[in-house]
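Enquirer: Sharing coords-v6.cif (mmCIF, C-alpha atoms) below.
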data_target
#
loop_
_atom_site.label_atom_id
_atom_site.label_comp_id
_atom_site.auth_asym_id
_atom_site.auth_seq_id
_atom_site.Cartn_x
_atom_site.Cartn_y
_atom_site.Cartn_z
CA MET A 1315 93.64 107.71 -12.68
CA ASN A 1316 97.32 106.86 -12.60
CA ILE A 1317 98.94 108.74 -9.69
CA VAL A 1318 102.57 108.74 -8.51
CA ILE A 1319 103.55 110.02 -5.06
CA VAL A 1320 107.23 110.70 -4.35
CA GLY A 1321 107.83 110.78 -0.59
CA ALA A 1322 106.26 108.36 1.88
CA GLY A 1323 106.15 110.76 4.83
CA LYS A 1324 103.00 111.73 6.69
CA LEU A 1325 101.55 113.77 3.83
CA GLY A 1326 102.35 111.19 1.17
CA CYS A 1327 100.80 108.43 3.27
CA ARG A 1328 97.68 110.47 4.05
CA VAL A 1329 97.06 111.27 0.37
CA SER A 1330 97.73 107.64 -0.60
CA GLU A 1331 95.23 106.45 1.97
CA ALA A 1332 92.55 108.80 0.63
CA LEU A 1333 93.12 107.99 -3.04
CA VAL A 1334 93.69 104.25 -2.94
CA VAL A 1335 90.01 103.52 -2.21
CA GLY A 1336 88.96 105.36 -5.38
CA ASP A 1337 89.46 104.29 -8.97
CA HIS A 1338 93.15 105.12 -8.97
CA ALA A 1339 96.37 103.22 -9.54
CA ILE A 1340 98.78 104.54 -6.89
CA THR A 1341 102.57 104.23 -6.97
CA VAL A 1342 104.67 105.52 -4.06
CA ILE A 1343 108.40 106.18 -4.49
CA ASP A 1344 110.73 106.57 -1.51
CA ARG A 1345 114.32 105.77 -0.56
CA ASN A 1346 113.28 104.23 2.78
CA GLU A 1347 112.56 100.55 2.16
CA LYS A 1348 111.20 99.99 5.68
CA VAL A 1349 108.59 102.74 5.33
CA LEU A 1350 107.51 101.42 1.93
CA ARG A 1351 107.16 97.88 3.24
CA LYS A 1352 104.89 99.08 6.04
CA LEU A 1353 102.82 101.18 3.62
CA SER A 1354 102.34 98.32 1.16
CA GLN A 1355 101.14 96.09 4.00
CA GLN A 1356 98.46 98.63 4.92
CA LEU A 1357 97.31 99.76 1.47
CA GLU A 1358 96.79 98.19 -1.93
CA LEU A 1359 99.33 100.11 -4.00
CA MET A 1360 102.66 99.76 -5.77
CA THR A 1361 105.93 100.90 -4.17
CA ILE A 1362 109.36 101.65 -5.64
CA ASN A 1363 112.42 101.87 -3.41
CA ASP A 1364 114.49 104.47 -5.28
CA ASP A 1365 115.37 108.15 -5.60
CA GLY A 1366 112.54 110.14 -7.21
CA ARG A 1367 115.01 112.74 -8.49
CA LYS A 1368 116.50 110.25 -10.94
CA ILE A 1369 115.22 110.39 -14.51
CA SER A 1370 115.44 106.60 -14.71
CA THR A 1371 113.15 106.24 -11.68
CA LEU A 1372 110.51 108.50 -13.23
CA GLU A 1373 110.78 106.71 -16.56
CA SER A 1374 110.33 103.36 -14.79
CA VAL A 1375 106.75 104.33 -13.84
CA ASN A 1376 105.98 105.24 -17.47
CA ILE A 1377 105.70 108.90 -16.50
CA LYS A 1378 104.12 109.89 -19.86
CA ASN A 1379 100.99 107.98 -18.86
CA VAL A 1380 100.81 109.38 -15.31
CA ASP A 1381 97.88 111.74 -14.65
CA TYR A 1382 99.25 113.29 -11.45
CA LEU A 1383 102.62 113.30 -9.72
CA LEU A 1384 102.89 114.61 -6.16
CA ALA A 1385 106.40 115.45 -4.91
CA CYS A 1386 106.18 115.63 -1.12
CA THR A 1387 109.58 114.68 0.26
CA ASP A 1388 110.91 116.65 3.25
CA ASN A 1389 113.11 118.80 0.97
CA ASP A 1390 111.73 121.75 -1.01
CA GLU A 1391 114.44 121.74 -3.66
CA SER A 1392 114.00 118.02 -4.28
CA ASN A 1393 110.25 118.46 -4.67
CA ILE A 1394 110.69 121.30 -7.16
CA VAL A 1395 113.21 119.29 -9.20
CA ILE A 1396 111.12 116.09 -9.16
CA ALA A 1397 107.95 117.89 -10.23
CA SER A 1398 109.79 119.79 -12.96
CA PHE A 1399 111.51 116.66 -14.32
CA ALA A 1400 108.20 114.77 -14.32
CA LYS A 1401 106.47 117.54 -16.25
CA LYS A 1402 109.21 117.74 -18.86
CA LEU A 1403 109.06 113.94 -19.24
CA GLY A 1404 105.36 114.14 -20.12
CA CYS A 1405 103.38 113.84 -16.86
CA SER A 1406 99.97 115.52 -17.24
CA HIS A 1407 99.85 117.35 -13.88
CA VAL A 1408 102.54 117.85 -11.24
CA ILE A 1409 102.19 119.02 -7.64
CA ALA A 1410 105.05 120.03 -5.32
CA ARG A 1411 105.09 120.62 -1.58
CA VAL A 1412 107.12 123.77 -0.87
CA ARG A 1413 107.43 125.24 2.63
CA GLU A 1414 110.31 127.72 2.90
CA PRO A 1415 109.33 131.43 2.93
CA GLU A 1416 112.22 132.23 0.58
CA HIS A 1417 110.68 129.96 -2.03
CA MET A 1418 107.17 131.28 -1.43
CA ASN A 1419 108.44 134.81 -2.09
CA GLN A 1420 109.30 133.56 -5.58
CA PHE A 1421 106.15 131.45 -5.87
CA THR A 1422 105.01 132.64 -9.32
CA PHE A 1423 108.49 132.49 -10.82
CA ILE A 1424 109.14 128.95 -9.54
CA LYS A 1425 105.74 127.76 -10.77
CA ASN A 1426 106.18 129.22 -14.24
CA ALA A 1427 109.90 128.61 -14.73
CA MET A 1428 109.79 125.02 -13.46
CA ASP A 1429 106.44 124.28 -15.14
CA ILE A 1430 104.75 123.13 -11.90
CA ASP A 1431 100.95 123.01 -12.00
CA HIS A 1432 100.19 123.29 -8.28
CA ILE A 1433 102.26 124.13 -5.20
CA VAL A 1434 101.13 123.12 -1.72
CA ASN A 1435 102.49 124.85 1.38
CA PRO A 1436 101.12 123.27 4.61
CA ASP A 1437 102.05 126.30 6.72
CA MET A 1438 100.51 128.76 4.28
CA SER A 1439 97.37 126.62 4.00
CA ILE A 1440 96.82 126.66 7.75
CA THR A 1441 97.61 130.39 7.84
CA VAL A 1442 94.92 131.11 5.26
CA GLU A 1443 92.31 129.24 7.32
CA ILE A 1444 93.24 131.11 10.52
CA TYR A 1445 93.32 134.43 8.69
CA LYS A 1446 89.88 133.88 7.17
CA TYR A 1447 88.49 133.04 10.59
CA LEU A 1448 90.06 136.01 12.38
CA ALA A 1449 89.97 138.70 9.72
CA GLU A 1450 86.47 137.99 8.45
CA LYS A 1451 85.16 136.92 11.85
CA TYR A 1452 83.10 134.36 9.99
CA THR A 1453 83.96 130.90 8.72
CA LEU A 1454 81.79 131.39 5.64
CA SER A 1455 82.67 134.35 3.41
CA ASN A 1456 80.20 137.16 4.16
CA GLY A 1457 78.21 134.72 6.29
CA ILE A 1458 76.63 132.85 3.40
CA PHE A 1459 77.81 130.35 0.79
CA THR A 1460 75.83 129.84 -2.41
CA SER A 1461 76.10 127.61 -5.45
CA GLY A 1462 73.34 127.25 -7.99
CA GLY A 1463 70.09 127.23 -6.04
CA PHE A 1464 71.70 125.84 -2.87
CA ALA A 1465 72.94 127.97 0.02
CA MET A 1466 74.48 127.60 3.47
CA THR A 1467 74.77 129.95 6.41
CA GLU A 1468 76.06 129.68 9.98
CA PHE A 1469 74.91 131.29 13.19
CA PRO A 1470 75.34 130.82 16.95
CA THR A 1471 72.57 129.07 18.85
CA ARG A 1472 71.93 132.24 20.85
CA ARG A 1473 70.65 133.89 17.65
CA PHE A 1474 67.93 131.21 17.40
CA PRO A 1475 67.55 130.08 21.04
CA SER A 1476 64.45 127.96 20.44
CA LEU A 1477 66.69 125.41 18.65
CA SER A 1478 68.74 124.73 21.79
CA GLY A 1479 68.07 121.26 23.17
CA LEU A 1480 66.29 120.04 20.04
CA THR A 1481 67.28 116.87 18.21
CA MET A 1482 67.80 116.98 14.45
CA SER A 1483 64.40 115.32 13.99
CA GLU A 1484 62.76 118.05 16.06
CA VAL A 1485 64.61 120.79 14.18
CA ASN A 1486 62.92 119.54 11.00
CA GLU A 1487 59.56 120.48 12.54
CA VAL A 1488 60.74 124.02 13.34
CA LEU A 1489 62.63 124.53 10.05
CA PRO A 1490 60.98 122.02 7.68
CA GLU A 1491 62.80 123.06 4.49
CA ILE A 1492 66.23 123.47 6.07
CA LEU A 1493 68.87 120.86 6.92
CA ILE A 1494 71.41 121.21 9.74
CA ALA A 1495 74.60 120.11 8.00
CA ALA A 1496 77.03 120.55 10.89
CA LEU A 1497 77.59 121.92 14.37
CA SER A 1498 80.76 123.59 15.62
CA ARG A 1499 81.10 122.74 19.31
CA ASN A 1500 84.08 123.71 21.45
CA GLY A 1501 86.31 124.08 18.42
CA LYS A 1502 85.28 120.80 16.80
CA ILE A 1503 83.04 120.29 13.76
CA ILE A 1504 80.34 117.63 14.25
CA VAL A 1505 78.12 116.08 11.58
CA PRO A 1506 74.79 115.64 13.44
CA HIS A 1507 72.29 112.84 12.91
CA GLY A 1508 68.67 112.18 13.92
CA GLU A 1509 68.91 112.09 17.72
CA ASP A 1510 71.88 114.43 18.16
CA LYS A 1511 70.95 117.61 20.01
CA ILE A 1512 71.87 121.25 19.51
CA CYS A 1513 73.55 122.71 22.62
CA ASP A 1514 73.96 126.23 23.94
CA GLY A 1515 77.19 127.66 22.52
CA ASP A 1516 77.03 125.65 19.29
CA PHE A 1517 77.56 127.27 15.92
CA ILE A 1518 74.97 125.91 13.49
CA TYR A 1519 75.55 125.35 9.76
CA ALA A 1520 72.19 125.37 7.97
CA VAL A 1521 71.49 124.36 4.36
CA GLY A 1522 68.53 125.11 2.10
CA ASN A 1523 67.58 126.90 -1.08
CA GLN A 1524 68.93 130.43 -1.50
CA GLU A 1525 65.68 132.18 -0.65
CA GLN A 1526 65.16 130.28 2.62
CA ILE A 1527 68.78 130.63 3.71
CA GLN A 1528 68.85 134.33 2.90
CA GLU A 1529 65.79 134.79 5.11
CA LEU A 1530 67.35 132.73 7.93
CA HIS A 1531 70.60 134.65 7.54
CA GLN A 1532 68.81 137.98 7.98
CA GLN A 1533 67.17 136.67 11.18
CA THR A 1534 70.37 135.35 12.72
CA ARG A 1535 73.25 137.51 11.47
CA GLU A 1536 75.35 139.40 14.00
CA ASP A 1537 76.64 142.77 12.88
CA GLY A 1538 79.36 142.60 15.51
CA LYS A 1539 80.80 139.45 13.95
CA TYR A 1540 82.19 141.46 11.05
CA THR A 1541 84.29 143.96 13.01
CA ASN A 1542 88.05 143.81 12.58
CA ILE A 1543 90.45 142.34 15.10
CA HIS A 1544 93.02 144.75 16.55
CA LYS A 1545 95.42 142.85 18.83
CA VAL A 1546 96.75 139.33 18.27
CA MET A 1547 99.37 137.29 20.14
CA ILE A 1548 101.03 134.37 18.35
CA ILE A 1549 103.11 131.81 20.23
CA GLY A 1550 105.71 130.13 18.03
CA GLY A 1551 107.79 131.80 15.34
CA GLY A 1552 108.06 128.86 12.98
CA LYS A 1553 106.78 128.95 9.43
CA THR A 1554 103.11 129.08 10.43
CA GLY A 1555 103.74 131.84 12.97
CA TYR A 1556 105.79 133.77 10.42
CA TYR A 1557 103.18 133.59 7.64
CA LEU A 1558 100.32 134.42 10.00
CA ALA A 1559 102.09 137.39 11.60
CA GLN A 1560 102.94 138.72 8.14
CA LYS A 1561 99.35 138.37 6.91
CA LEU A 1562 97.65 139.79 10.03
CA SER A 1563 100.00 142.77 10.27
CA ALA A 1564 99.31 143.57 6.61
CA PHE A 1565 95.61 143.41 7.49
CA GLY A 1566 96.21 146.12 10.08
CA ALA A 1567 96.28 144.15 13.32
CA THR A 1568 98.87 144.78 16.05
CA VAL A 1569 100.74 141.49 16.32
CA LYS A 1570 103.02 140.19 19.08
CA LEU A 1571 105.01 137.11 18.07
CA VAL A 1572 106.67 135.11 20.86
CA GLU A 1573 109.62 132.84 19.99
CA ARG A 1574 112.14 131.19 22.34
CA ASN A 1575 115.01 130.71 19.84
CA ILE A 1576 117.21 133.82 19.65
CA GLU A 1577 118.49 133.13 16.11
CA ARG A 1578 114.96 132.66 14.88
CA CYS A 1579 113.97 135.92 16.59
CA ARG A 1580 116.68 137.76 14.67
CA TYR A 1581 115.37 136.31 11.42
CA LEU A 1582 111.76 137.24 12.27
CA SER A 1583 112.73 140.77 13.30
CA THR A 1584 114.54 141.26 10.00
CA HIS A 1585 111.70 139.94 7.84
CA LEU A 1586 108.62 141.22 9.71
CA ASP A 1587 108.71 145.02 9.82
CA LYS A 1588 105.38 145.69 11.51
CA VAL A 1589 105.42 142.83 14.04
CA MET A 1590 106.68 143.00 17.63
CA VAL A 1591 108.95 139.96 18.02
CA LEU A 1592 109.53 138.87 21.63
CA HIS A 1593 112.41 136.58 22.58
CA ALA A 1594 110.75 134.63 25.38
CA ASP A 1595 109.36 131.28 26.45
CA GLY A 1596 105.72 131.22 25.38
CA THR A 1597 104.84 128.91 28.26
CA ASP A 1598 105.74 131.64 30.78
CA ILE A 1599 102.24 132.89 31.60
CA ASP A 1600 103.57 135.65 33.87
CA LEU A 1601 105.53 137.07 30.96
CA LEU A 1602 102.50 136.84 28.66
CA GLU A 1603 100.46 138.72 31.26
CA GLU A 1604 103.13 141.43 31.35
CA GLU A 1605 102.69 141.67 27.58
CA ASN A 1606 98.99 142.41 28.10
CA LEU A 1607 97.61 138.95 27.36
CA ASP A 1608 94.21 139.99 28.74
CA GLU A 1609 93.89 142.75 26.14
CA MET A 1610 94.28 140.47 23.12
CA ASP A 1611 91.39 139.97 20.71
CA ALA A 1612 92.89 136.69 19.51
CA PHE A 1613 95.52 134.20 20.67
CA VAL A 1614 97.14 131.63 18.35
CA THR A 1615 99.40 128.77 19.45
CA ALA A 1616 101.62 127.57 16.60
CA THR A 1617 104.62 125.94 18.28
CA GLY A 1618 105.91 122.56 17.15
CA TYR A 1619 104.55 120.88 20.28
CA ASP A 1620 100.89 119.92 20.54
CA GLU A 1621 100.99 119.74 24.33
CA GLU A 1622 102.27 123.32 24.59
CA ASN A 1623 99.70 124.53 22.09
CA LEU A 1624 96.83 122.95 24.00
CA LEU A 1625 97.93 124.09 27.46
CA LEU A 1626 98.54 127.64 26.27
CA SER A 1627 95.16 127.67 24.53
CA LEU A 1628 93.48 126.62 27.75
CA SER A 1629 95.28 129.39 29.65
CA ALA A 1630 94.22 131.94 27.05
CA LYS A 1631 90.57 130.89 27.37
CA GLN A 1632 90.84 131.26 31.14
CA HIS A 1633 92.06 134.83 30.55
CA GLY A 1634 88.86 135.57 28.66
CA ILE A 1635 90.27 135.95 25.15
CA ASP A 1636 87.48 135.78 22.57
CA ASP A 1637 89.24 133.87 19.79
CA VAL A 1638 91.72 131.14 20.72
CA ILE A 1639 93.18 128.98 17.96
CA ALA A 1640 95.47 125.97 18.33
CA LYS A 1641 97.58 124.14 15.79
CA VAL A 1642 97.39 120.42 16.62
CA SER A 1643 99.05 117.68 14.58
CA HIS A 1644 97.95 114.56 16.46
CA GLU A 1645 94.36 113.43 15.93
CA ASN A 1646 94.27 111.62 19.27
CA TYR A 1647 94.20 115.01 21.00
CA MET A 1648 90.94 116.03 19.35
CA GLY A 1649 88.79 114.46 22.05
CA LEU A 1650 90.64 116.51 24.68
CA VAL A 1651 90.31 119.70 22.67
CA GLU A 1652 86.55 119.17 22.49
CA LYS A 1653 86.31 119.68 26.25
CA MET A 1654 88.62 122.69 26.43
CA GLY A 1655 86.49 125.29 24.68
CA VAL A 1656 89.17 126.25 22.15
CA ASP A 1657 87.52 128.22 19.34
CA MET A 1658 89.37 126.66 16.43
CA VAL A 1659 91.71 123.68 16.13
CA LEU A 1660 93.63 123.04 12.92
CA ASN A 1661 95.55 119.98 11.76
CA PRO A 1662 98.13 120.99 9.09
CA LEU A 1663 98.27 117.48 7.65
CA ASP A 1664 94.51 117.29 7.09
CA ILE A 1665 94.42 120.72 5.47
CA SER A 1666 97.34 119.96 3.12
CA ALA A 1667 95.90 116.58 2.14
CA SER A 1668 92.53 118.21 1.48
CA ASN A 1669 94.22 120.86 -0.68
CA ILE A 1670 95.89 118.17 -2.80
CA LEU A 1671 92.76 116.03 -3.05
CA ARG A 1672 90.66 119.01 -4.12
CA TYR A 1673 93.15 119.74 -6.89
CA ILE A 1674 93.26 116.13 -8.09
CA GLN A 1675 89.49 115.66 -7.87
CA GLY A 1676 88.74 119.09 -9.28
CA SER A 1677 89.73 118.48 -12.88
CA LYS A 1678 87.75 115.27 -13.05
CA ARG A 1679 84.51 115.52 -11.14
CA VAL A 1680 84.42 118.06 -8.31
CA LEU A 1681 82.85 121.33 -9.42
CA SER A 1682 83.88 123.31 -6.36
CA SER A 1683 84.81 122.85 -2.72
CA PHE A 1684 85.87 124.80 0.32
CA LEU A 1685 86.98 124.16 3.88
CA ILE A 1686 85.07 124.96 7.05
CA GLN A 1687 87.26 125.81 10.05
CA GLY A 1688 90.00 123.66 8.54
CA GLN A 1689 88.17 120.52 9.71
CA ALA A 1690 85.42 119.86 7.19
CA GLN A 1691 84.85 120.26 3.50
CA ILE A 1692 81.88 120.93 1.25
CA MET A 1693 82.22 119.61 -2.27
CA GLU A 1694 79.98 119.58 -5.31
CA VAL A 1695 80.07 116.45 -7.45
CA VAL A 1696 78.27 115.52 -10.67
CA ALA A 1697 76.78 112.01 -10.53
CA ASN A 1698 77.90 110.03 -13.58
CA SER A 1699 76.75 106.68 -14.93
CA LYS A 1700 79.79 104.83 -13.58
CA MET A 1701 79.21 105.66 -9.90
CA ARG A 1702 77.89 102.94 -7.62
CA LEU A 1703 75.53 105.29 -5.83
CA ILE A 1704 73.36 105.94 -8.91
CA GLY A 1705 69.77 104.71 -8.51
CA LYS A 1706 70.06 103.95 -4.79
CA PRO A 1707 68.16 105.64 -1.94
CA LEU A 1708 70.57 107.39 0.43
CA LYS A 1709 69.51 105.11 3.30
CA GLU A 1710 70.94 102.12 1.35
CA LEU A 1711 74.35 103.69 0.86
CA ASP A 1712 75.41 102.98 4.45
CA LEU A 1713 76.93 106.45 4.75
CA PRO A 1714 79.68 106.90 7.36
CA LYS A 1715 78.87 109.33 10.18
CA GLU A 1716 81.44 111.83 8.88
CA ILE A 1717 79.54 112.31 5.60
CA LEU A 1718 76.24 114.01 4.82
CA PHE A 1719 74.53 114.67 1.49
CA VAL A 1720 73.19 118.17 2.08
CA ALA A 1721 71.68 119.09 -1.29
CA ILE A 1722 70.94 117.71 -4.73
CA LYS A 1723 70.41 119.95 -7.74
CA ARG A 1724 68.33 118.20 -10.40
CA GLY A 1725 67.77 120.47 -13.37
CA ASP A 1726 66.38 123.68 -11.89
CA ARG A 1727 65.21 121.97 -8.69
CA VAL A 1728 67.14 122.00 -5.42
CA ILE A 1729 66.33 118.99 -3.24
CA ILE A 1730 67.19 118.81 0.45
CA PRO A 1731 67.56 115.03 0.65
CA ASN A 1732 66.36 112.48 3.18
CA GLY A 1733 66.87 108.74 3.46
CA GLU A 1734 64.34 108.01 0.71
CA THR A 1735 65.97 110.33 -1.84
CA THR A 1736 67.47 108.48 -4.82
CA ILE A 1737 70.46 109.84 -6.73
CA LYS A 1738 69.99 110.09 -10.49
CA LEU A 1739 72.33 110.51 -13.43
CA ASN A 1740 73.73 114.07 -13.77
CA ASP A 1741 72.48 115.15 -10.34
CA ARG A 1742 74.69 117.83 -8.82
CA LEU A 1743 75.48 116.50 -5.33
CA THR A 1744 76.58 118.74 -2.48
CA ILE A 1745 78.46 116.62 0.05
CA PHE A 1746 79.57 117.71 3.51
CA THR A 1747 82.40 115.69 5.02
CA LEU A 1748 84.89 115.91 7.85
CA LEU A 1749 88.44 115.81 6.51
CA SER A 1750 88.82 112.46 8.25
CA GLY A 1751 86.09 111.15 5.93
CA LEU A 1752 87.68 112.18 2.61
CA SER A 1753 88.87 108.67 1.83
CA LYS A 1754 85.32 107.40 2.44
CA VAL A 1755 83.96 109.96 -0.02
CA GLU A 1756 86.41 108.57 -2.56
CA LYS A 1757 85.02 105.11 -1.86
CA LEU A 1758 81.46 106.34 -2.44
CA MET A 1759 82.52 107.77 -5.79
CA LYS A 1760 84.04 104.49 -6.96
CA THR A 1761 82.83 103.10 -10.27
CA LYS A 1762 80.66 100.00 -10.46
CA ASN A 1763 83.28 97.80 -12.00
CA ARG A 1764 86.90 97.93 -11.07
#
Just give me the structure as structure tokens.
Expert:
Amino acid sequence: MNIVIVGAGKLGCRVSEALVVGDHAITVIDRNEKVLRKLSQQLELMTINDDGRKISTLESVNIKNVDYLLACTDNDESNIVIASFAKKLGCSHVIARVREPEHMNQFTFIKNAMDIDHIVNPDMSITVEIYKYLAEKYTLSNGIFTSGGFAMTEFPTRRFPSLSGLTMSEVNEVLPEILIAALSRNGKIIVPHGEDKICDGDFIYAVGNQEQIQELHQQTREDGKYTNIHKVMIIGGGKTGYYLAQKLSAFGATVKLVERNIERCRYLSTHLDKVMVLHADGTDIDLLEEENLDEMDAFVTATGYDEENLLLSLSAKQHGIDDVIAKVSHENYMGLVEKMGVDMVLNPLDISASNILRYIQGSKRVLSSFLIQGQAQIMEVVANSKMRLIGKPLKELDLPKEILFVAIKRGDRVIIPNGETTIKLNDRLTIFTLLSGLSKVEKLMKTKNR
């Protein structure tokens, strides 16, 4: 596919990195020559040092033959204009990153009036993942995900204690027709392999045919997991904090939103009717205790500083709060988070990139996909004759550790694959991947001749 990305910021670079390894011609447009030079040294793509808002710039990339244009500069209005211009000039599909609440309140109008196919809001995307986790009390809708004859469920180790301490190879003896696709441990999703062990406190994601998974689900489900949350404290009144407070209060939860900037507090108080907005420093634990921190059902840190988010999350866990969620932008903190016992850690960049990739992939080969805890993705792909993986046993594909083939639907049969399983033409492949492995999935899907 021919793809143009306007804006070489973090999101533009992340999407470029994921797409460039597939069968795509990528062009990145940005006004910062230094950033473009660095990007072109790292990735095999074309760069244009110019203003993406100019008609002449869009025409210079032969916009009529472009399959997808992503406008992801740091300015909402520019993104809307760029996407709209590109569409009117003949681009097949246009995507715009839009973040401001004022624009999101007019989401449908902007989309329709400006003829934009898809709008991505990083803050709203992360809000949706947190909301699903807190409001449903389950990372899979209703505890079970199904597609065709394949199904997945999750459950805590304590609901099947005999699995604790077993390696993946040993689990196969206990549950011979079921595959452990992933483990959630201390807020981090892990793709387990042969000698990896299940630990106490893990959440287990199990895959099999619908009948087997339904039976396992009945054995392991927790009725208490589906009760509503009542009290939530959010630290940070930025866009993520705003969207989340709005959504949770509409759900019926009592929300306290802590923000240190007085002007921002005035804005939040005006726009959030059912939320208690506190003008305070969220790092002041004494103040949080005065605001009944110990009574909260959930605690979310959504400031603009990773260090604050992590330290506050740790404090919340020490106060015995059941659900603690941290927004973390830097991947190098993930190893630290793993040891802290935070229930859920979300990277806005990964979630936004995944959103865009799902949209781009969706119209071509991905049947469906969804996120797990904002860290991993399940996607269904139809194997076509051009893919390099056709006719090869899985053990010969040299799969990265972040990726696992969890099911293959061949006609009416559902196959839980092993290393000897060979992929055939028109197989429906269910692939589990960490978001960090999305670019490697693209590489697997590459055609034989490029």
Enquirer: With only C-alpha atoms counted, which protein, DNA or RNA residues have an atom no more than 12 Å from (101.6, 133.0, 11.3) in the file frame? Please answer as a ChimeraX atom specification.
Expert: /A:1415,1436-1445,1448,1546-1564,1569-1573,1582,1586,1589,1613-1617,1639-1641
Enquirer: Write out as number ranges by chain the residues lying within 10 Å of A:Val1334, counting only C-alpha atoms and excluding same-chain residues fewer than 4 positions away.
Expert: A: 1317, 1329-1330, 1338-1341, 1357-1359, 1753, 1756-1757
Enquirer: Residues picked by the PyMOL selection byres ((chain A and resi 1373) around 12) here, as a list in words?
Expert: Val1318, Asp1365, Gly1366, Arg1367, Lys1368, Ile1369, Ser1370, Thr1371, Leu1372, Ser1374, Val1375, Asn1376, Ile1377, Lys1378, Asn1379, Val1380, Ile1396, Phe1399, Ala1400, Lys1401, Lys1402, Leu1403, Gly1404 and Cys1405 of chain A
Enquirer: In the coordinates of the file, take the point (65.4, 120.6, 3.7) and a cut-off of 12 Å; then, counting all atoms listed in the file, name each qualifying protein, DNA or RNA residue as a VMD selection string.
Expert: chain A and resid 1464 to 1466 1482 to 1483 1485 to 1495 1520 to 1524 1526 to 1527 1719 to 1722 1728 to 1733 1735
Enquirer: Using all atoms listed in the file for the distances, tell me which of A:Ala1322, A:Glu1734, A:Glu1331, A:Asp1636 is nearest to A:Lys1754.
Expert: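 Going through A:Ala1322, A:Glu1734, A:Glu1331, A:Asp1636 one by one, the smallest distance to A:Lys1754 is for A:Glu1331.
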Enquirer: Excluding same-chain residues fewer than 2 positions from A:Ile1430, what lies within 10 Å of it counting only C-alpha atoms, as a VMD selection string?
Expert: chain A and resid 1394 to 1402 1407 to 1410 1422 1424 to 1428 1432 to 1433
Enquirer: For the residues in the current selection, export C-alpha atoms as a PDB file, in the frame of the given file.
Expert:
ATOM      1  CA  ILE A1394     110.690 121.300  -7.160  1.00  0.00           C
ATOM      2  CA  VAL A1395     113.210 119.290  -9.200  1.00  0.00           C
ATOM      3  CA  ILE A1396     111.120 116.090  -9.160  1.00  0.00           C
ATOM      4  CA  ALA A1397     107.950 117.890 -10.230  1.00  0.00           C
ATOM      5  CA  SER A1398     109.790 119.790 -12.960  1.00  0.00           C
ATOM      6  CA  PHE A1399     111.510 116.660 -14.320  1.00  0.00           C
ATOM      7  CA  ALA A1400     108.200 114.770 -14.320  1.00  0.00           C
ATOM      8  CA  LYS A1401     106.470 117.540 -16.250  1.00  0.00           C
ATOM      9  CA  LYS A1402     109.210 117.740 -18.860  1.00  0.00           C
ATOM     10  CA  HIS A1407      99.850 117.350 -13.880  1.00  0.00           C
ATOM     11  CA  VAL A1408     102.540 117.850 -11.240  1.00  0.00           C
ATOM     12  CA  ILE A1409     102.190 119.020  -7.640  1.00  0.00           C
ATOM     13  CA  ALA A1410     105.050 120.030  -5.320  1.00  0.00           C
ATOM     14  CA  THR A1422     105.010 132.640  -9.320  1.00  0.00           C
ATOM     15  CA  ILE A1424     109.140 128.950  -9.540  1.00  0.00           C
ATOM     16  CA  LYS A1425     105.740 127.760 -10.770  1.00  0.00           C
ATOM     17  CA  ASN A1426     106.180 129.220 -14.240  1.00  0.00           C
ATOM     18  CA  ALA A1427     109.900 128.610 -14.730  1.00  0.00           C
ATOM     19  CA  MET A1428     109.790 125.020 -13.460  1.00  0.00           C
ATOM     20  CA  HIS A1432     100.190 123.290  -8.280  1.00  0.00           C
ATOM     21  CA  ILE A1433     102.260 124.130  -5.200  1.00  0.00           C
TER      22      ILE A1433
END
Enquirer: Would you mind listing what lies within 12 Å of A:Ile1670 as an NGL selection string, with all atoms listed in the file counted and same-chain residues fewer than 4 positions away left out?
Expert: :A and (1319 or 1325-1326 or 1328-1330 or 1332-1333 or 1382-1386 or 1407-1411 or 1431-1436 or 1439 or 1663-1666 or 1674-1677 or 1752)
Enquirer: Rank A:Glu1622, A:Asp1510, A:Glu1577, A:Asp1364 by their smallest atom-to-atom distance to A:Asp1598, using all atoms listed in the file, and report the top residue only.
Expert: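 Using all atoms listed in the file, A:Asp1598 sits closest to A:Glu1622.
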Enquirer: Would you please work out which residue, of A:Val1591, A:Leu1350, A:Leu1749, A:Ala1449, is nearest to A:Asp1611 when using all atoms listed in the file?
Expert: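 Counting all atoms listed in the file, the residue closest to A:Asp1611 is A:Ala1449.
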Enquirer: Name the residues in contact with A:Pro1714 at a cut-off of 12 Å, using all atoms listed in the file, excluding same-chain residues fewer than 6 positions from it; report them as a list in words.
Expert: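 Skipping anything fewer than 6 positions along the chain leaves Val1505, Pro1506, His1507, Leu1708, Phe1746, Thr1747, Leu1748, Ser1750, Gly1751, Leu1752, Ser1753, Lys1754, Val1755, Lys1757 and Leu1758 of chain A.
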Enquirer: Give me, please, the distance in Å between atom CA of A:Phe1565 and atom CA of A:Asp1587, quoted to one decimal.
Expert: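 Separating atom CA of A:Phe1565 from atom CA of A:Asp1587 is a distance of 13.4 Å.
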Enquirer: In terms of the shortest atom-to-atom distance over only C-alpha atoms, which of A:Gly1705, A:Leu1497, A:Arg1724, A:Ile1692 is closest to A:Thr1736?
Expert: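 Of A:Gly1705, A:Leu1497, A:Arg1724, A:Ile1692, the one nearest A:Thr1736 is A:Gly1705, counting only C-alpha atoms.
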Enquirer: Could you tell me how far atom CA of A:Arg1413 sits from atom CA of A:Ser1643, in Å to one decimal place?
Expert: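 Separation of atom CA of A:Ser1643 and atom CA of A:Arg1413: 16.4 Å.
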